[in-house]
Structures are given as C-alpha cells and as structure tokens.
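Down below is the structure, laid out as structure tokens.
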Amino acid sequence: MTADHSHLGTRAVHGGQHVCPTTGAVMPPVYLSSTYAQASPGVHQGYEYTRSHNPTRYAFERAVARMEGSTLTEAQDASFGGFAFSSGLAATATLLDTLKSGDHVLAMDDLYGGTHRLFRQVADRSRGLEFSFVDLTDLDAVKAAITDRTALLWVETPTNPMLKVSDLSSLAEIARSHGIMSACDNTFATPMLQRPLELGIDVVMHSGTKYLGGHSDVVCGVLGTNDADIAQRIRFHQNAVGSVLGPMDSYIALRGMKTLAIRMERHCSNAAMIAAQLDASDKVTAVFYPGLPSHPQHEVAARQMQLDGIPTGGGMITITLDTDLAGCRRFLEAFEVFALAESLGGVESLVNHPAIMTHASVPAAHRAALGITDTLARLSVGIEDIRDLQADVERALAAI
Ligand SMILES: *Cc1c(COP(=O)(O)O)cnc(C)c1O
C-alpha cells in the first residue's frame, strides 16, 4: 500500500490498520510479550524483541504515518515512516541523536519549554550540538542564521505559548536548498489541520500526549517522515537508543486517535467562539489566536491550517490581561469548568500560566523577550458545551 488517499476523517479511524487475520479482531491485540520464539537462530516471523518491533506499536505508528500523509510503502519502512516514543521529548531527543557532534541546529525562538530545556541544558553539552534560536516567521533572519554546519532546522508552528505561525513551505524550500534536514513540531495543529510532510518538511514530530491521544491519559511522542533514508536513520536510533512507546500506551494512543477528526472540529469551533469573547473584553489586552484577523501571521495560518478546506485557528488561545500577577491568579483560580493544569489537547478544557508553569525552565530574559509575562495565560479549549465554557470565561474575567 502507498499513500492513503481516503479523507482524513476516515484515515483517523482506518489509516494503516487491518483486521487481525487470525481472529478477525477489529482493534489490534495488545502484544505485551517482550520476546518472540524463533524456529532456528535468525528464523522468525518478523518480530524478535519488543524494543525493536512490536505489533501494537506498529499499528499506532502506521496510523500516525498515514494521517500525516506519508507515502512510504511497507517495503521501504515497516511502519510507513511513523515512529512512536515514550514521550514527545524522547522523540525529539532521538532525532537529535541522528545528528553528529559539532552540528548546528537552527530552532524557532518560541518553543515548548521542555524542548527549549532539552536543547539548551542537555543536548548542547551531552551531544555537542550548537543551537541558535531565531524568529522563523522572518525568512530573512532564517537565511542569515544558516551556517555551513547547520544540519537541522527545527520549527514549531503554531508555537507554544505565543501561537506564532511559520510558513512551512518556504522554510522547507530554504532548508532543502541548503541541504539541511527540516523538522516540524506539529503538536498544536495536528494532522487534521496541517500536514508538514505534504509541504516539503522532512520530519514531523508530535507530543502524542496532547491532541493525538486526546484524553489526558497517556504520555507519548511521535516522529514521521516521507524520506526512506531518514526513516532508516530514525528506525536505527529508535532501537539503538531505546526510548520506545510501550504496547499498552500504543494501544491507548491509537484508540484516542480514532476520534481525532470529530474532536478537532469541536475544539476549533469552541476555541473560535472563546477567542471572539476574549477579544471583546476590555480586561483582555491581547488575544493571540491564529484564526483572528489581528494575528500577525493570520494569512499564513489561513493558508496552512485548514479543517476540511476551511481555515481554522486551532484549539489553543493565549491572552494577556489588564492586571498584575495577583489579578491573573484570581482569574486562573476562578475557573470552574477549565482546570488549572499543565498540558493541553485533551477533551477537557485547561488553563495554564506559562511563566510559572509550563515555561518556567525558559530563562527569564528569554521569556521577557518573547512576551511571556506574569499576566499571560494560555487556554486549551476542550470539547464541552460552548455555553458552559463561555459562562466560565465570564466568571474568570469578573474575578480579576
Ligand atoms: C508537550 C509538548 C512537547 C513535549 O511532549 P511530552 O510528551 O510532554 O514529552 C513538545 N512540544 C509541544 C508543542 C508540546 O506541547
């Protein structure tokens, strides 16, 4: 089988999947076995040891690969260029392991706090990589920052937490013309809204903990690629480094992803209404939401992020409030439906204070330069009834 040409809503349910040939089971069995019997040394049915290959992990990996529009065949890669890891950060770290010491990584300036920490406090020291952080929405700045040692362009779009949007086709073209591998953290948009591989990006990455799993009940990470050589390198390192996703977690993530299409419809329509509500409030000084015409990269977003052909801003909103830290705390504590918690992308609505919570590991000066202030709040809009979410936002604004 080559690329799956069915519509995304169908792919979310069936992509890369087949009914169990032995029993007819519609969902894949959870193969907990760590090892597999061999008829003679080296003679087996394709499975030796679960770190290297696991049928349940393959099922999830193939599903994600097809959602992301991978075109690799089974002969080119056993899981069609999809790879599952024990967390999003494990996926990113394994991709860094495919580089060599001395390589330069050109990264987006606004990134998930943990990615920033992995780059600045771990990989620069342990792997000998050099990192620069540049605003990738500025293509001239990107070209100026490339050196002859640049081996990876790392983009996150929309970014966490400022929701900056980068133009993936242009970045892919710049990277390709310099022989640089490009990678995109697609956690916020999900393949329902944005498929980086189809825009020429070499590697797509996800924290599957968020929208793919979708129920705040599993931690997992994913890499995907359309390039058979890169797939081979990732496959080697996934096994050689060993931070693989377990069979049970693979099953939970796969089950969650089956409803991605309908969940994203509701996340996006709810978030658009909450963004408009916040935008109309005089207690809110700025709303960062790619779906609003006031967003600095609204045009790129409208082209790049679409739900079934219709532009959408996604399910995440970041705001600044006309108050101080104490007022922001009152706002965050007053919610009754939104839970005050880290993470995002689950069915339940969450609100977060990046400066104290998810992005505390980003150095204070860097946070200030990006605008991650004490009155900045990030909302992950869930799939609850919009009327209860609107009432909850009113309640929180009134508490400031
Ligand atoms: C959460 C997150 C990650 C890290 O993923 P984990 O599964 O928590 O390791 C990476 N990128 C983004 C955008 C995230 O939101």
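To be explicit about the labels: the chains of the structure tokens are called A, B, and onward in the order shown, and within each one the residues are counted from 1, while ligands get numbers from 1 in the order they are shown.
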| Non-local contacts of Glu342 in chain A (7 Å; only C-alpha atoms; under 6 positions in same chain excluded) as a list of chain:residue names |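 Neighbouring residues, sequence-local ones excluded: A:Asn352, A:Met357, A:Thr358.
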| request: Would you list the contacts of Ser361 in chain A as a count of residues only, taking every protein, DNA or RNA residue within 8 Å and counting only C-alpha atoms, but skipping same-chain residues closer than 6 positions in sequence? | output: 4
| Nearby polymer residues, ligand 1, at most 6 Å, only C-alpha atoms and all ligand atoms, as a count of residues only | 11
Report the closest atom pair, with its distance in Å rounded to one decimal, for each residue of range 182-258 of chain A that has an atom no farther than 12 Å from range 316-340 of chain A; count only C-alpha atoms, sort by chain and then rising residue number, and write it as a tab-separated table.
```
residue	atom	partner	partner_atom	distance
A:Thr187	CA	A:Met316	CA	11.0
A:Phe188	CA	A:Met316	CA	7.5
A:Ala189	CA	A:Met316	CA	9.1
A:Thr190	CA	A:Met316	CA	11.8
A:Lys210	CA	A:Met316	CA	11.5
A:Tyr211	CA	A:Met316	CA	10.9
```
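Each of A:Arg255, A:Gln194, A:Ile400, A:Arg66 was compared to Gly309 in chain A using only C-alpha atoms, and A:Gln194 turns out to be the nearest.
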